[in-house]
Amino acid sequence: MEKKTLHLSTNPFPAGLTTAEHTALVALETRIMARQPKTLVVVDPEQVPQMLTVSVDRLLREAVQPILVLAGTASFKPEVVRWWETATSPIDGRHFTDLYAAQYALTSPLAPETQVCISTLREIQLSLHQARQAVGLVLVYGPLVASHVWQLVLDSFTVPCLGWSDRQDVGVRKLFGWHVVSTSRREPIRGA
């Protein structure tokens, strides 16, 4: 697969986004374009599926390198897979599974046609070198507990790493270098 550079989507944002959601997604895409190493997107729980779907669809439509989606915890991986298998594109209503080739673990080399790999921290630890070579963006979705292991994994990538969370957690914010895009109505936690 030919490696493409990241660029902003030419597709319009879907109707129905709030001003805060639209602003956050534009800010997120701008950070990705600027190759910001890490960004945490903090949203209210009910916003996560829609905003994540819009963002991933827009990124994949622009033919970026494969996206590595890491489940925040191993027990959350089935929910991430369910999200993937039920997500539909806000652009044309087609299921992600019909639009994009997915692989459900990074325990073997990525197939050439793979556009998304859904994995866990444990799986990625076993093949970290391979992952660093193969992906163009890392996305962490789901409950995430700040730890030295997550810090090592996120710091080992030279591509942008995005975290999606509904938690106002200081430790997780530190993992992402306090680079936060937020639509949450809850009071944000200030960085040190």
# chains A, B, ... in the order shown; residues from 1 in each chain; ligands from 1
>>> residues_around(residues="region 31-47 of chain A", least_positions_apart="3", cutoff="10 Å", atoms="only C-alpha atoms", output="NGL selection string")
:A and (5-8 or 17 or 20-21 or 24-28 or 50-52 or 59 or 137-141 or 154-155 or 157-169 or 172-186 or 188)
>>> write_last_selection(atoms="N, CA and C atoms", output="short mmCIF file (atom, residue, chain, number, x, y, z; two decimals), in the first residue's frame")
data_model
loop_
_atom_site.label_atom_id
_atom_site.label_comp_id
_atom_site.auth_asym_id
_atom_site.auth_seq_id
_atom_site.Cartn_x
_atom_site.Cartn_y
_atom_site.Cartn_z
N THR A 5 0.19 11.06 2.64
CA THR A 5 0.34 12.03 3.70
C THR A 5 -1.04 12.39 4.25
N LEU A 6 -1.06 12.84 5.48
CA LEU A 6 -2.33 13.26 6.09
C LEU A 6 -2.75 14.59 5.50
N HIS A 7 -4.02 14.73 5.22
CA HIS A 7 -4.56 16.02 4.79
C HIS A 7 -6.01 16.12 5.22
N LEU A 8 -6.49 17.33 5.29
CA LEU A 8 -7.86 17.54 5.74
C LEU A 8 -8.86 16.98 4.75
N LEU A 17 -24.32 18.03 14.06
CA LEU A 17 -23.29 18.28 15.06
C LEU A 17 -23.57 19.60 15.76
N ALA A 20 -20.10 23.04 19.38
CA ALA A 20 -18.95 22.55 20.15
C ALA A 20 -18.34 21.31 19.51
N GLU A 21 -19.18 20.39 19.03
CA GLU A 21 -18.66 19.17 18.38
C GLU A 21 -17.93 19.53 17.10
N ALA A 24 -14.62 21.17 17.92
CA ALA A 24 -13.66 20.18 18.43
C ALA A 24 -13.10 19.32 17.30
N LEU A 25 -13.95 18.89 16.36
CA LEU A 25 -13.47 18.07 15.26
C LEU A 25 -12.54 18.85 14.33
N VAL A 26 -12.84 20.12 14.08
CA VAL A 26 -11.94 20.95 13.27
C VAL A 26 -10.60 21.10 13.99
N ALA A 27 -10.64 21.37 15.29
CA ALA A 27 -9.40 21.50 16.06
C ALA A 27 -8.60 20.21 16.04
N LEU A 28 -9.29 19.08 16.15
CA LEU A 28 -8.62 17.78 16.12
C LEU A 28 -7.95 17.56 14.78
N GLN A 50 -20.81 9.08 18.09
CA GLN A 50 -21.02 9.90 16.89
C GLN A 50 -19.74 10.64 16.49
N MET A 51 -19.09 11.28 17.44
CA MET A 51 -17.90 12.05 17.10
C MET A 51 -16.76 11.15 16.64
N LEU A 52 -16.61 10.00 17.29
CA LEU A 52 -15.58 9.05 16.88
C LEU A 52 -15.85 8.53 15.48
N LEU A 59 -11.12 10.57 8.32
CA LEU A 59 -9.70 10.23 8.18
C LEU A 59 -9.50 9.10 7.17
N LEU A 137 -1.63 6.47 12.23
CA LEU A 137 -2.33 7.17 13.30
C LEU A 137 -2.71 6.13 14.36
N VAL A 138 -2.59 6.51 15.63
CA VAL A 138 -2.99 5.64 16.72
C VAL A 138 -4.16 6.31 17.42
N LEU A 139 -5.21 5.55 17.64
CA LEU A 139 -6.41 6.06 18.30
C LEU A 139 -6.72 5.17 19.49
N VAL A 140 -6.78 5.75 20.68
CA VAL A 140 -7.12 5.00 21.88
C VAL A 140 -8.56 5.33 22.24
N TYR A 141 -9.38 4.29 22.39
CA TYR A 141 -10.81 4.48 22.64
C TYR A 141 -11.23 3.65 23.83
N LEU A 154 2.63 4.96 24.00
CA LEU A 154 2.30 6.19 23.28
C LEU A 154 3.56 6.96 22.88
N ASP A 155 4.55 6.98 23.74
CA ASP A 155 5.79 7.70 23.43
C ASP A 155 6.61 7.02 22.34
N PHE A 157 5.54 5.91 19.46
CA PHE A 157 5.06 6.19 18.10
C PHE A 157 5.50 7.58 17.65
N THR A 158 5.83 7.69 16.37
CA THR A 158 6.17 9.00 15.80
C THR A 158 5.00 9.57 15.02
N VAL A 159 3.90 8.84 14.97
CA VAL A 159 2.68 9.32 14.30
C VAL A 159 1.75 9.89 15.36
N PRO A 160 0.77 10.70 14.97
CA PRO A 160 -0.16 11.25 15.96
C PRO A 160 -0.91 10.16 16.73
N CYS A 161 -1.05 10.38 18.03
CA CYS A 161 -1.81 9.48 18.91
C CYS A 161 -2.99 10.27 19.46
N LEU A 162 -4.19 9.76 19.26
CA LEU A 162 -5.40 10.42 19.73
C LEU A 162 -6.05 9.56 20.80
N GLY A 163 -6.47 10.18 21.87
CA GLY A 163 -7.23 9.48 22.90
C GLY A 163 -8.64 10.01 22.93
N TRP A 164 -9.61 9.11 23.00
CA TRP A 164 -11.03 9.51 23.11
C TRP A 164 -11.50 9.08 24.47
N SER A 165 -11.99 10.02 25.26
CA SER A 165 -12.37 9.70 26.63
C SER A 165 -13.58 10.53 27.06
N ASP A 166 -14.33 9.98 27.98
CA ASP A 166 -15.41 10.77 28.59
C ASP A 166 -15.06 11.09 30.03
N ARG A 167 -13.80 10.90 30.39
CA ARG A 167 -13.37 11.10 31.77
C ARG A 167 -12.51 12.35 31.90
N GLN A 168 -12.71 13.06 32.98
CA GLN A 168 -11.90 14.22 33.32
C GLN A 168 -10.80 13.73 34.25
N ASP A 169 -9.83 13.01 33.74
CA ASP A 169 -8.82 12.35 34.54
C ASP A 169 -7.46 13.01 34.35
N VAL A 172 -4.69 10.68 32.77
CA VAL A 172 -4.85 10.45 31.33
C VAL A 172 -4.46 11.71 30.56
N ARG A 173 -4.84 12.86 31.07
CA ARG A 173 -4.46 14.12 30.41
C ARG A 173 -2.94 14.26 30.36
N LYS A 174 -2.26 13.86 31.42
CA LYS A 174 -0.80 13.91 31.43
C LYS A 174 -0.22 12.99 30.36
N LEU A 175 -0.83 11.79 30.18
CA LEU A 175 -0.37 10.87 29.14
C LEU A 175 -0.34 11.54 27.77
N PHE A 176 -1.28 12.43 27.55
CA PHE A 176 -1.40 13.09 26.25
C PHE A 176 -0.79 14.50 26.29
N GLY A 177 0.09 14.74 27.27
CA GLY A 177 0.82 16.00 27.32
C GLY A 177 -0.05 17.22 27.52
N TRP A 178 -1.22 17.04 28.12
CA TRP A 178 -2.16 18.13 28.38
C TRP A 178 -2.69 18.76 27.10
N HIS A 179 -2.51 18.11 25.95
CA HIS A 179 -3.07 18.60 24.69
C HIS A 179 -4.49 18.07 24.59
N VAL A 180 -5.48 18.92 24.90
CA VAL A 180 -6.85 18.46 25.04
C VAL A 180 -7.78 19.27 24.14
N VAL A 181 -8.66 18.56 23.45
CA VAL A 181 -9.79 19.14 22.73
C VAL A 181 -11.01 18.65 23.49
N SER A 182 -11.91 19.54 23.87
CA SER A 182 -13.02 19.12 24.72
C SER A 182 -14.34 19.73 24.27
N THR A 183 -15.38 18.91 24.34
CA THR A 183 -16.75 19.41 24.17
C THR A 183 -17.55 19.16 25.44
N SER A 184 -16.88 18.61 26.44
CA SER A 184 -17.58 18.21 27.66
C SER A 184 -18.18 19.42 28.36
N ARG A 185 -19.40 19.22 28.83
CA ARG A 185 -20.08 20.29 29.57
C ARG A 185 -19.60 20.35 31.02
N ARG A 186 -18.87 19.29 31.44
CA ARG A 186 -18.35 19.31 32.79
C ARG A 186 -17.16 20.25 32.87
N PRO A 188 -13.66 21.52 32.95
CA PRO A 188 -12.41 20.87 32.58
C PRO A 188 -11.37 20.99 33.70
#
>>> residues_around(residues="Leu99 (chain A)", least_positions_apart="6", cutoff="10 Å", atoms="only C-alpha atoms", output="ChimeraX atom specification")
/A:57,60-61,88-89,115
>>> write_last_selection(atoms="N, CA and C atoms", output="mmCIF file, in the first residue's frame")
data_model
loop_
_atom_site.group_PDB
_atom_site.id
_atom_site.type_symbol
_atom_site.label_atom_id
_atom_site.label_comp_id
_atom_site.auth_asym_id
_atom_site.auth_seq_id
_atom_site.Cartn_x
_atom_site.Cartn_y
_atom_site.Cartn_z
ATOM 1 N N ASP A 57 -14.273 8.156 10.013
ATOM 2 C CA ASP A 57 -14.739 8.111 8.621
ATOM 3 C C ASP A 57 -14.026 9.165 7.777
ATOM 4 N N LEU A 60 -10.335 8.065 7.263
ATOM 5 C CA LEU A 60 -10.180 6.931 6.350
ATOM 6 C C LEU A 60 -10.543 7.295 4.911
ATOM 7 N N ARG A 61 -11.490 8.183 4.717
ATOM 8 C CA ARG A 61 -11.870 8.601 3.362
ATOM 9 C C ARG A 61 -10.725 9.287 2.647
ATOM 10 N N THR A 88 -21.915 3.406 10.940
ATOM 11 C CA THR A 88 -22.232 3.734 9.547
ATOM 12 C C THR A 88 -21.685 5.113 9.227
ATOM 13 N N SER A 89 -21.281 5.270 7.997
ATOM 14 C CA SER A 89 -20.707 6.533 7.560
ATOM 15 C C SER A 89 -21.771 7.623 7.544
ATOM 16 N N GLN A 115 -7.082 -1.250 6.582
ATOM 17 C CA GLN A 115 -7.166 0.190 6.814
ATOM 18 C C GLN A 115 -7.298 0.512 8.292
#
>>> select_by_dssp(residues="region 45-181 of chain A", states="alpha helix (DSSP H)", output="PDB file with N, CA and C atoms, in the first residue's frame")
ATOM      1  N   VAL A  48     -19.518  10.360  22.383  1.00  0.00           N
ATOM      2  CA  VAL A  48     -18.378   9.580  21.908  1.00  0.00           C
ATOM      3  C   VAL A  48     -18.662   8.819  20.616  1.00  0.00           C
ATOM      4  N   PRO A  49     -19.690   7.974  20.543  1.00  0.00           N
ATOM      5  CA  PRO A  49     -19.857   7.185  19.312  1.00  0.00           C
ATOM      6  C   PRO A  49     -19.991   8.035  18.051  1.00  0.00           C
ATOM      7  N   GLN A  50     -20.814   9.081  18.094  1.00  0.00           N
ATOM      8  CA  GLN A  50     -21.018   9.898  16.890  1.00  0.00           C
ATOM      9  C   GLN A  50     -19.744  10.637  16.489  1.00  0.00           C
ATOM     10  N   MET A  51     -19.093  11.280  17.443  1.00  0.00           N
ATOM     11  CA  MET A  51     -17.898  12.052  17.104  1.00  0.00           C
ATOM     12  C   MET A  51     -16.763  11.149  16.637  1.00  0.00           C
ATOM     13  N   LEU A  52     -16.608  10.000  17.287  1.00  0.00           N
ATOM     14  CA  LEU A  52     -15.581   9.045  16.884  1.00  0.00           C
ATOM     15  C   LEU A  52     -15.855   8.533  15.476  1.00  0.00           C
ATOM     16  N   THR A  53     -17.108   8.226  15.195  1.00  0.00           N
ATOM     17  CA  THR A  53     -17.486   7.738  13.867  1.00  0.00           C
ATOM     18  C   THR A  53     -17.213   8.786  12.803  1.00  0.00           C
ATOM     19  N   VAL A  54     -17.599  10.024  13.052  1.00  0.00           N
ATOM     20  CA  VAL A  54     -17.358  11.108  12.085  1.00  0.00           C
ATOM     21  C   VAL A  54     -15.860  11.271  11.844  1.00  0.00           C
ATOM     22  N   SER A  55     -15.088  11.319  12.917  1.00  0.00           N
ATOM     23  CA  SER A  55     -13.653  11.537  12.800  1.00  0.00           C
ATOM     24  C   SER A  55     -12.961  10.405  12.041  1.00  0.00           C
ATOM     25  N   VAL A  56     -13.235   9.165  12.426  1.00  0.00           N
ATOM     26  CA  VAL A  56     -12.594   8.020  11.771  1.00  0.00           C
ATOM     27  C   VAL A  56     -12.996   7.937  10.302  1.00  0.00           C
ATOM     28  N   ASP A  57     -14.273   8.156  10.013  1.00  0.00           N
ATOM     29  CA  ASP A  57     -14.739   8.111   8.621  1.00  0.00           C
ATOM     30  C   ASP A  57     -14.026   9.165   7.777  1.00  0.00           C
ATOM     31  N   ARG A  58     -13.925  10.378   8.288  1.00  0.00           N
ATOM     32  CA  ARG A  58     -13.262  11.447   7.537  1.00  0.00           C
ATOM     33  C   ARG A  58     -11.785  11.132   7.318  1.00  0.00           C
ATOM     34  N   LEU A  59     -11.120  10.574   8.324  1.00  0.00           N
ATOM     35  CA  LEU A  59      -9.704  10.230   8.180  1.00  0.00           C
ATOM     36  C   LEU A  59      -9.501   9.100   7.171  1.00  0.00           C
ATOM     37  N   LEU A  60     -10.335   8.065   7.263  1.00  0.00           N
ATOM     38  CA  LEU A  60     -10.180   6.931   6.350  1.00  0.00           C
ATOM     39  C   LEU A  60     -10.543   7.295   4.911  1.00  0.00           C
ATOM     40  N   ARG A  61     -11.490   8.183   4.717  1.00  0.00           N
ATOM     41  CA  ARG A  61     -11.870   8.601   3.362  1.00  0.00           C
ATOM     42  C   ARG A  61     -10.725   9.287   2.647  1.00  0.00           C
ATOM     43  N   LYS A  77     -12.325  -4.289  24.558  1.00  0.00           N
ATOM     44  CA  LYS A  77     -12.157  -4.577  23.131  1.00  0.00           C
ATOM     45  C   LYS A  77     -13.445  -5.073  22.467  1.00  0.00           C
ATOM     46  N   PRO A  78     -14.228  -5.968  23.085  1.00  0.00           N
ATOM     47  CA  PRO A  78     -15.475  -6.379  22.423  1.00  0.00           C
ATOM     48  C   PRO A  78     -16.404  -5.196  22.123  1.00  0.00           C
ATOM     49  N   GLU A  79     -16.441  -4.207  23.017  1.00  0.00           N
ATOM     50  CA  GLU A  79     -17.275  -3.037  22.768  1.00  0.00           C
ATOM     51  C   GLU A  79     -16.725  -2.205  21.603  1.00  0.00           C
ATOM     52  N   VAL A  80     -15.404  -2.108  21.503  1.00  0.00           N
ATOM     53  CA  VAL A  80     -14.793  -1.386  20.383  1.00  0.00           C
ATOM     54  C   VAL A  80     -15.119  -2.103  19.074  1.00  0.00           C
ATOM     55  N   VAL A  81     -15.031  -3.419  19.062  1.00  0.00           N
ATOM     56  CA  VAL A  81     -15.362  -4.198  17.861  1.00  0.00           C
ATOM     57  C   VAL A  81     -16.841  -4.013  17.517  1.00  0.00           C
ATOM     58  N   ARG A  82     -17.721  -4.034  18.524  1.00  0.00           N
ATOM     59  CA  ARG A  82     -19.159  -3.793  18.275  1.00  0.00           C
ATOM     60  C   ARG A  82     -19.382  -2.410  17.665  1.00  0.00           C
ATOM     61  N   TRP A  83     -18.689  -1.396  18.229  1.00  0.00           N
ATOM     62  CA  TRP A  83     -18.814  -0.047  17.655  1.00  0.00           C
ATOM     63  C   TRP A  83     -18.418  -0.092  16.177  1.00  0.00           C
ATOM     64  N   TRP A  84     -17.283  -0.704  15.877  1.00  0.00           N
ATOM     65  CA  TRP A  84     -16.797  -0.754  14.507  1.00  0.00           C
ATOM     66  C   TRP A  84     -17.803  -1.459  13.592  1.00  0.00           C
ATOM     67  N   GLU A  85     -18.316  -2.593  14.034  1.00  0.00           N
ATOM     68  CA  GLU A  85     -19.188  -3.410  13.189  1.00  0.00           C
ATOM     69  C   GLU A  85     -20.578  -2.812  13.008  1.00  0.00           C
ATOM     70  N   THR A  86     -20.970  -1.870  13.859  1.00  0.00           N
ATOM     71  CA  THR A  86     -22.289  -1.245  13.709  1.00  0.00           C
ATOM     72  C   THR A  86     -22.212   0.198  13.205  1.00  0.00           C
ATOM     73  N   PHE A  96     -19.282   0.702   8.085  1.00  0.00           N
ATOM     74  CA  PHE A  96     -17.819   0.717   8.046  1.00  0.00           C
ATOM     75  C   PHE A  96     -17.269  -0.608   7.531  1.00  0.00           C
ATOM     76  N   THR A  97     -17.922  -1.720   7.923  1.00  0.00           N
ATOM     77  CA  THR A  97     -17.427  -3.028   7.502  1.00  0.00           C
ATOM     78  C   THR A  97     -17.517  -3.214   5.986  1.00  0.00           C
ATOM     79  N   ASP A  98     -18.399  -2.467   5.314  1.00  0.00           N
ATOM     80  CA  ASP A  98     -18.478  -2.511   3.855  1.00  0.00           C
ATOM     81  C   ASP A  98     -17.491  -1.555   3.197  1.00  0.00           C
ATOM     82  N   LEU A  99     -17.095  -0.527   3.924  1.00  0.00           N
ATOM     83  CA  LEU A  99     -16.219   0.505   3.356  1.00  0.00           C
ATOM     84  C   LEU A  99     -14.737   0.264   3.593  1.00  0.00           C
ATOM     85  N   LEU A 121      -3.662  -3.195  24.395  1.00  0.00           N
ATOM     86  CA  LEU A 121      -2.321  -2.849  24.856  1.00  0.00           C
ATOM     87  C   LEU A 121      -1.433  -4.081  24.900  1.00  0.00           C
ATOM     88  N   ARG A 122      -1.938  -5.189  25.421  1.00  0.00           N
ATOM     89  CA  ARG A 122      -1.152  -6.428  25.497  1.00  0.00           C
ATOM     90  C   ARG A 122      -0.725  -6.893  24.111  1.00  0.00           C
ATOM     91  N   GLU A 123      -1.664  -6.907  23.157  1.00  0.00           N
ATOM     92  CA  GLU A 123      -1.325  -7.342  21.800  1.00  0.00           C
ATOM     93  C   GLU A 123      -0.290  -6.423  21.171  1.00  0.00           C
ATOM     94  N   ILE A 124      -0.431  -5.131  21.400  1.00  0.00           N
ATOM     95  CA  ILE A 124       0.493  -4.188  20.777  1.00  0.00           C
ATOM     96  C   ILE A 124       1.881  -4.292  21.393  1.00  0.00           C
ATOM     97  N   GLN A 125       1.958  -4.629  22.680  1.00  0.00           N
ATOM     98  CA  GLN A 125       3.260  -4.796  23.313  1.00  0.00           C
ATOM     99  C   GLN A 125       4.045  -5.920  22.654  1.00  0.00           C
ATOM    100  N   LEU A 126       3.341  -6.949  22.196  1.00  0.00           N
ATOM    101  CA  LEU A 126       4.001  -8.089  21.567  1.00  0.00           C
ATOM    102  C   LEU A 126       4.520  -7.778  20.172  1.00  0.00           C
ATOM    103  N   LEU A 128       5.149  -4.243  18.967  1.00  0.00           N
ATOM    104  CA  LEU A 128       5.263  -2.794  18.927  1.00  0.00           C
ATOM    105  C   LEU A 128       6.099  -2.307  17.747  1.00  0.00           C
ATOM    106  N   HIS A 129       7.207  -2.977  17.474  1.00  0.00           N
ATOM    107  CA  HIS A 129       8.049  -2.554  16.348  1.00  0.00           C
ATOM    108  C   HIS A 129       7.261  -2.603  15.035  1.00  0.00           C
ATOM    109  N   GLN A 130       6.522  -3.679  14.853  1.00  0.00           N
ATOM    110  CA  GLN A 130       5.710  -3.830  13.637  1.00  0.00           C
ATOM    111  C   GLN A 130       4.661  -2.732  13.540  1.00  0.00           C
ATOM    112  N   ALA A 131       4.029  -2.431  14.652  1.00  0.00           N
ATOM    113  CA  ALA A 131       2.991  -1.399  14.653  1.00  0.00           C
ATOM    114  C   ALA A 131       3.572  -0.042  14.297  1.00  0.00           C
ATOM    115  N   ARG A 132       4.738   0.280  14.831  1.00  0.00           N
ATOM    116  CA  ARG A 132       5.359   1.583  14.541  1.00  0.00           C
ATOM    117  C   ARG A 132       5.642   1.738  13.056  1.00  0.00           C
ATOM    118  N   GLN A 133       5.934   0.647  12.388  1.00  0.00           N
ATOM    119  CA  GLN A 133       6.248   0.697  10.963  1.00  0.00           C
ATOM    120  C   GLN A 133       5.007   0.756  10.082  1.00  0.00           C
ATOM    121  N   ALA A 134       3.883   0.250  10.573  1.00  0.00           N
ATOM    122  CA  ALA A 134       2.732   0.003   9.710  1.00  0.00           C
ATOM    123  C   ALA A 134       1.630   1.044   9.756  1.00  0.00           C
ATOM    124  N   HIS A 148       2.593   3.683  33.452  1.00  0.00           N
ATOM    125  CA  HIS A 148       3.884   3.789  32.765  1.00  0.00           C
ATOM    126  C   HIS A 148       3.892   2.962  31.473  1.00  0.00           C
ATOM    127  N   VAL A 149       3.122   1.874  31.428  1.00  0.00           N
ATOM    128  CA  VAL A 149       3.081   1.050  30.209  1.00  0.00           C
ATOM    129  C   VAL A 149       2.437   1.834  29.068  1.00  0.00           C
ATOM    130  N   TRP A 150       1.285   2.480  29.345  1.00  0.00           N
ATOM    131  CA  TRP A 150       0.651   3.296  28.312  1.00  0.00           C
ATOM    132  C   TRP A 150       1.585   4.418  27.883  1.00  0.00           C
ATOM    133  N   GLN A 151       2.289   5.029  28.836  1.00  0.00           N
ATOM    134  CA  GLN A 151       3.212   6.109  28.507  1.00  0.00           C
ATOM    135  C   GLN A 151       4.290   5.618  27.543  1.00  0.00           C
ATOM    136  N   LEU A 152       4.859   4.445  27.821  1.00  0.00           N
ATOM    137  CA  LEU A 152       5.894   3.888  26.947  1.00  0.00           C
ATOM    138  C   LEU A 152       5.361   3.610  25.547  1.00  0.00           C
ATOM    139  N   VAL A 153       4.161   3.040  25.477  1.00  0.00           N
ATOM    140  CA  VAL A 153       3.584   2.724  24.162  1.00  0.00           C
ATOM    141  C   VAL A 153       3.301   3.996  23.377  1.00  0.00           C
ATOM    142  N   LEU A 154       2.630   4.959  24.000  1.00  0.00           N
ATOM    143  CA  LEU A 154       2.301   6.192  23.281  1.00  0.00           C
ATOM    144  C   LEU A 154       3.558   6.960  22.882  1.00  0.00           C
ATOM    145  N   ASP A 155       4.551   6.976  23.743  1.00  0.00           N
ATOM    146  CA  ASP A 155       5.787   7.698  23.433  1.00  0.00           C
ATOM    147  C   ASP A 155       6.608   7.017  22.342  1.00  0.00           C
ATOM    148  N   SER A 156       6.357   5.754  22.074  1.00  0.00           N
ATOM    149  CA  SER A 156       7.161   5.036  21.084  1.00  0.00           C
ATOM    150  C   SER A 156       6.720   5.313  19.647  1.00  0.00           C
ATOM    151  N   VAL A 170      -6.870  13.478  35.432  1.00  0.00           N
ATOM    152  CA  VAL A 170      -5.586  14.179  35.360  1.00  0.00           C
ATOM    153  C   VAL A 170      -4.495  13.269  34.795  1.00  0.00           C
ATOM    154  N   GLY A 171      -4.443  12.021  35.251  1.00  0.00           N
ATOM    155  CA  GLY A 171      -3.404  11.104  34.782  1.00  0.00           C
ATOM    156  C   GLY A 171      -3.477  10.854  33.287  1.00  0.00           C
ATOM    157  N   VAL A 172      -4.686  10.676  32.770  1.00  0.00           N
ATOM    158  CA  VAL A 172      -4.851  10.449  31.329  1.00  0.00           C
ATOM    159  C   VAL A 172      -4.465  11.709  30.561  1.00  0.00           C
ATOM    160  N   ARG A 173      -4.842  12.862  31.070  1.00  0.00           N
ATOM    161  CA  ARG A 173      -4.463  14.118  30.413  1.00  0.00           C
ATOM    162  C   ARG A 173      -2.945  14.263  30.360  1.00  0.00           C
ATOM    163  N   LYS A 174      -2.265  13.856  31.421  1.00  0.00           N
ATOM    164  CA  LYS A 174      -0.801  13.909  31.430  1.00  0.00           C
ATOM    165  C   LYS A 174      -0.221  12.991  30.358  1.00  0.00           C
ATOM    166  N   LEU A 175      -0.831  11.793  30.183  1.00  0.00           N
ATOM    167  CA  LEU A 175      -0.366  10.874  29.142  1.00  0.00           C
ATOM    168  C   LEU A 175      -0.336  11.544  27.773  1.00  0.00           C
TER     169      LEU A 175
END
>>> closest_residue(among="A:Ser147, A:Glu29, A:Ile118, A:Asn11", to="Phe76 (chain A)", atoms="only C-alpha atoms")
A:Ile118
>>> select_by_dssp(residues="region 61-164 of chain A", states="strand (DSSP E or B)", output="VMD selection string")
chain A and resid 67 to 71 88 95 102 to 103 116 to 119 137 to 141 161 to 164
